[in-house]
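Asks: Once you've had a glance at the structure underneath, I'll fire off some questions.
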Amino acid sequence: MRCPHCQEMEDKVIESRTLADGTAIRRRRECLSCGYRYTSYERVEERPLMVIKTTGAREPFDRNKLERGVVQAVRKRPISQLQIEEIINGVEDRATVLAKTTHEIASHQLGEMLLEALYDLDRVAYVRFASVYRNFTNVEEFVQEIERLKKANLARE
Ligand SMILES: [Zn+2]
């Protein structure tokens with residue numbers, strides 16, 4: 001496949017995975033020329049996954065956009081690039097399965113999936129992401145979220 005970064009044609013597949021519902025195979029590829037990693041999907045009918053924004057506008061699913069949000073949330077946390085990639089892979093897989101008939105997914109669904117994944121990975125990153133994503137407008141909202149987290153923690157323990 002042509003590398004989206006340097007346009008070279010040589011790549012190697014570093015991971016292949018059949019999605020849960022069997023409708024698509026996801027391949028992680030690495031460009032042999034520049035090392036850039038990207039994802040390709042193989043499915044019966046190729047239609048791009050579209051994201052419905054809160055305004056109702058559609059835009060193509062952008063993995064890099066998700067990644068930027070996660071990278072920001074995990075800044076200075078003990079989280080590896082691989083863990084970030086796994087989160088994005090998980091969200092992309094779930095979104096692809098959910099959107100299999102419509103090829104559309106709401107941006108808030110993506111946000112909630114990321115929140116879930118971050119919650120399991122790192123609570124600091126979770127709160128950071130939640131504060132940006134949920135757009136806390138005041139301190140009370142933020143405190144409520146922390147309280148909610150604490151309760152959820154107690155319930156788990
Ligand atoms: Zn390349």
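Naming works like this for the structure tokens: A, B, ... for the chains as they're shown, residue 1 at the start of each chain, ligands 1 onward in shown order.
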Mind checking DSSP for region 58-146 of chain A and telling me the strand (DSSP E or B) residues as a compact mmCIF listing (two decimals) with N, CA and C atoms, in the first residue's frame?
Replies:
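Result went into selection_32.txt, see below:
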# COMPACT_ATOMS: atom_id res chain seq x y z
N ARG A 58 -20.75 15.89 8.96
CA ARG A 58 -19.99 14.64 8.87
C ARG A 58 -18.57 14.92 8.46
N GLU A 59 -17.67 14.14 9.03
CA GLU A 59 -16.29 14.20 8.55
C GLU A 59 -15.72 12.79 8.61
N PRO A 60 -14.75 12.49 7.75
CA PRO A 60 -14.16 11.14 7.77
C PRO A 60 -13.50 10.86 9.12
N GLU A 104 -21.52 5.19 9.92
CA GLU A 104 -21.47 6.48 10.62
C GLU A 104 -21.42 6.23 12.12
N ILE A 105 -20.71 7.08 12.80
CA ILE A 105 -20.66 7.00 14.25
C ILE A 105 -20.66 8.42 14.80
N ALA A 106 -21.38 8.60 15.93
CA ALA A 106 -21.44 9.94 16.51
C ALA A 106 -20.14 10.25 17.24
Asks: Once you count only C-alpha atoms and all ligand atoms, which residues end up within 6 Å of ligand 1, and could you hand them over as a VMD selection string?
Replies: chain A and resid 3 5 to 8 31 33 to 36
Asks: Go through region 1-106 of chain A and flag each residue having an atom no more than 12 Å from region 110-124 of chain A; for those, report the closest pair of atoms plus their distance in Å to one decimal, using only C-alpha atoms, ordered by chain and rising number, as a tab-separated table.
Replies:
residue	atom	partner	partner_atom	distance
A:Met50	CA	A:Leu110	CA	11.5
A:Val51	CA	A:Leu110	CA	8.7
A:Ile52	CA	A:Leu110	CA	10.1
A:Lys53	CA	A:Leu110	CA	10.4
A:Thr54	CA	A:Gly111	CA	11.6
A:Phe61	CA	A:Leu110	CA	10.0
A:Asp62	CA	A:Leu110	CA	11.0
A:Arg63	CA	A:Leu110	CA	10.8
A:Lys65	CA	A:Leu110	CA	11.2
A:Leu66	CA	A:Leu114	CA	8.3
A:Glu67	CA	A:Leu114	CA	9.9
A:Arg68	CA	A:Leu114	CA	11.9
A:Gly69	CA	A:Leu114	CA	9.3
A:Val70	CA	A:Leu114	CA	8.0
A:Val71	CA	A:Leu118	CA	11.1
A:Gln72	CA	A:Val124	CA	11.6
A:Ala73	CA	A:Val124	CA	8.0
A:Val74	CA	A:Val124	CA	7.8
A:Arg75	CA	A:Val124	CA	9.9
A:Lys76	CA	A:Val124	CA	10.3
A:Arg77	CA	A:Val124	CA	8.1
A:Pro78	CA	A:Asp122	CA	8.8
A:Ile79	CA	A:Asp122	CA	8.3
A:Ser80	CA	A:Leu121	CA	11.0
A:Gln83	CA	A:Leu121	CA	8.7
A:Ile84	CA	A:Leu118	CA	9.4
A:Glu85	CA	A:Ala117	CA	11.5
A:Glu86	CA	A:Ala117	CA	9.6
A:Ile87	CA	A:Ala117	CA	6.3
A:Ile88	CA	A:Leu114	CA	7.9
A:Asn89	CA	A:Leu114	CA	10.6
A:Gly90	CA	A:Ala117	CA	8.4
A:Val91	CA	A:Met113	CA	6.1
A:Glu92	CA	A:Leu110	CA	8.5
A:Asp93	CA	A:Met113	CA	10.8
A:Arg94	CA	A:Met113	CA	8.4
A:Ala95	CA	A:Leu110	CA	7.2
A:Thr96	CA	A:Leu110	CA	10.8
A:Leu98	CA	A:Leu110	CA	10.7
A:Ala99	CA	A:Leu110	CA	11.4
A:Glu104	CA	A:Leu110	CA	11.1
A:Ile105	CA	A:Leu110	CA	7.6
A:Ala106	CA	A:Leu110	CA	6.8
Asks: Could you tell me which of A:Thr55, A:Pro4, A:Lys100, A:Asn64 comes closest to Leu19 (chain A) if we count only C-alpha atoms?
Replies: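 Looking at the shortest contact to Leu19 (chain A), the residue is A:Lys100.
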Asks: Considering only C-alpha atoms, state which residue in the set A:Val13, A:Arg37, A:Thr18, A:Val127 is at the smallest distance from Leu82 (chain A).
Replies: A:Arg37
Asks: So that I can see what lies close to Ile25 (chain A), please list as a PyMOL selection string the residues with an atom at most 8 Å from it, counting only C-alpha atoms and leaving out residues fewer than 4 positions away in the same chain.
Replies: chain A and resi 16-19+41-43
Asks: Restricting it to N, CA and C atoms, dump the selection as a compact mmCIF listing (two decimals), in the first residue's frame.
Replies:
# COMPACT_ATOMS: atom_id res chain seq x y z
N SER A 16 -2.45 -8.16 12.08
CA SER A 16 -3.71 -8.37 11.36
C SER A 16 -4.73 -8.86 12.34
N ARG A 17 -5.89 -8.29 12.28
CA ARG A 17 -6.90 -8.74 13.21
C ARG A 17 -8.27 -8.73 12.56
N THR A 18 -9.00 -9.83 12.71
CA THR A 18 -10.38 -9.88 12.24
C THR A 18 -11.26 -9.25 13.32
N LEU A 19 -12.09 -8.31 12.93
CA LEU A 19 -12.94 -7.66 13.91
C LEU A 19 -13.97 -8.63 14.47
N TYR A 41 -8.11 -1.18 6.38
CA TYR A 41 -9.22 -2.08 6.63
C TYR A 41 -9.58 -2.79 5.34
N GLU A 42 -9.84 -4.06 5.49
CA GLU A 42 -10.28 -4.83 4.34
C GLU A 42 -11.69 -5.30 4.66
N ARG A 43 -12.62 -4.93 3.81
CA ARG A 43 -13.99 -5.40 4.05
C ARG A 43 -14.70 -5.60 2.73
Asks: Which value, in Å to one decimal, gives the distance between CA of Tyr133 (chain A) and CA of Ser107 (chain A)?
Replies: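 Taking CA of Tyr133 (chain A) and CA of Ser107 (chain A), their separation equals 10.7 Å.
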Asks: What is the distance, in Å and to one decimal place, between CA of Arg27 (chain A) and CA of Ala57 (chain A)?
Replies: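 Straight-line distance from CA of Arg27 (chain A) to CA of Ala57 (chain A) works out to 28.4 Å.
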Asks: Counting only C-alpha atoms, figure out which residue out of A:Lys151, A:Arg134, A:His108, A:Arg47 gets nearest to Ala24 (chain A).
Replies: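 Distance minimum relative to Ala24 (chain A) lands on A:Arg47.
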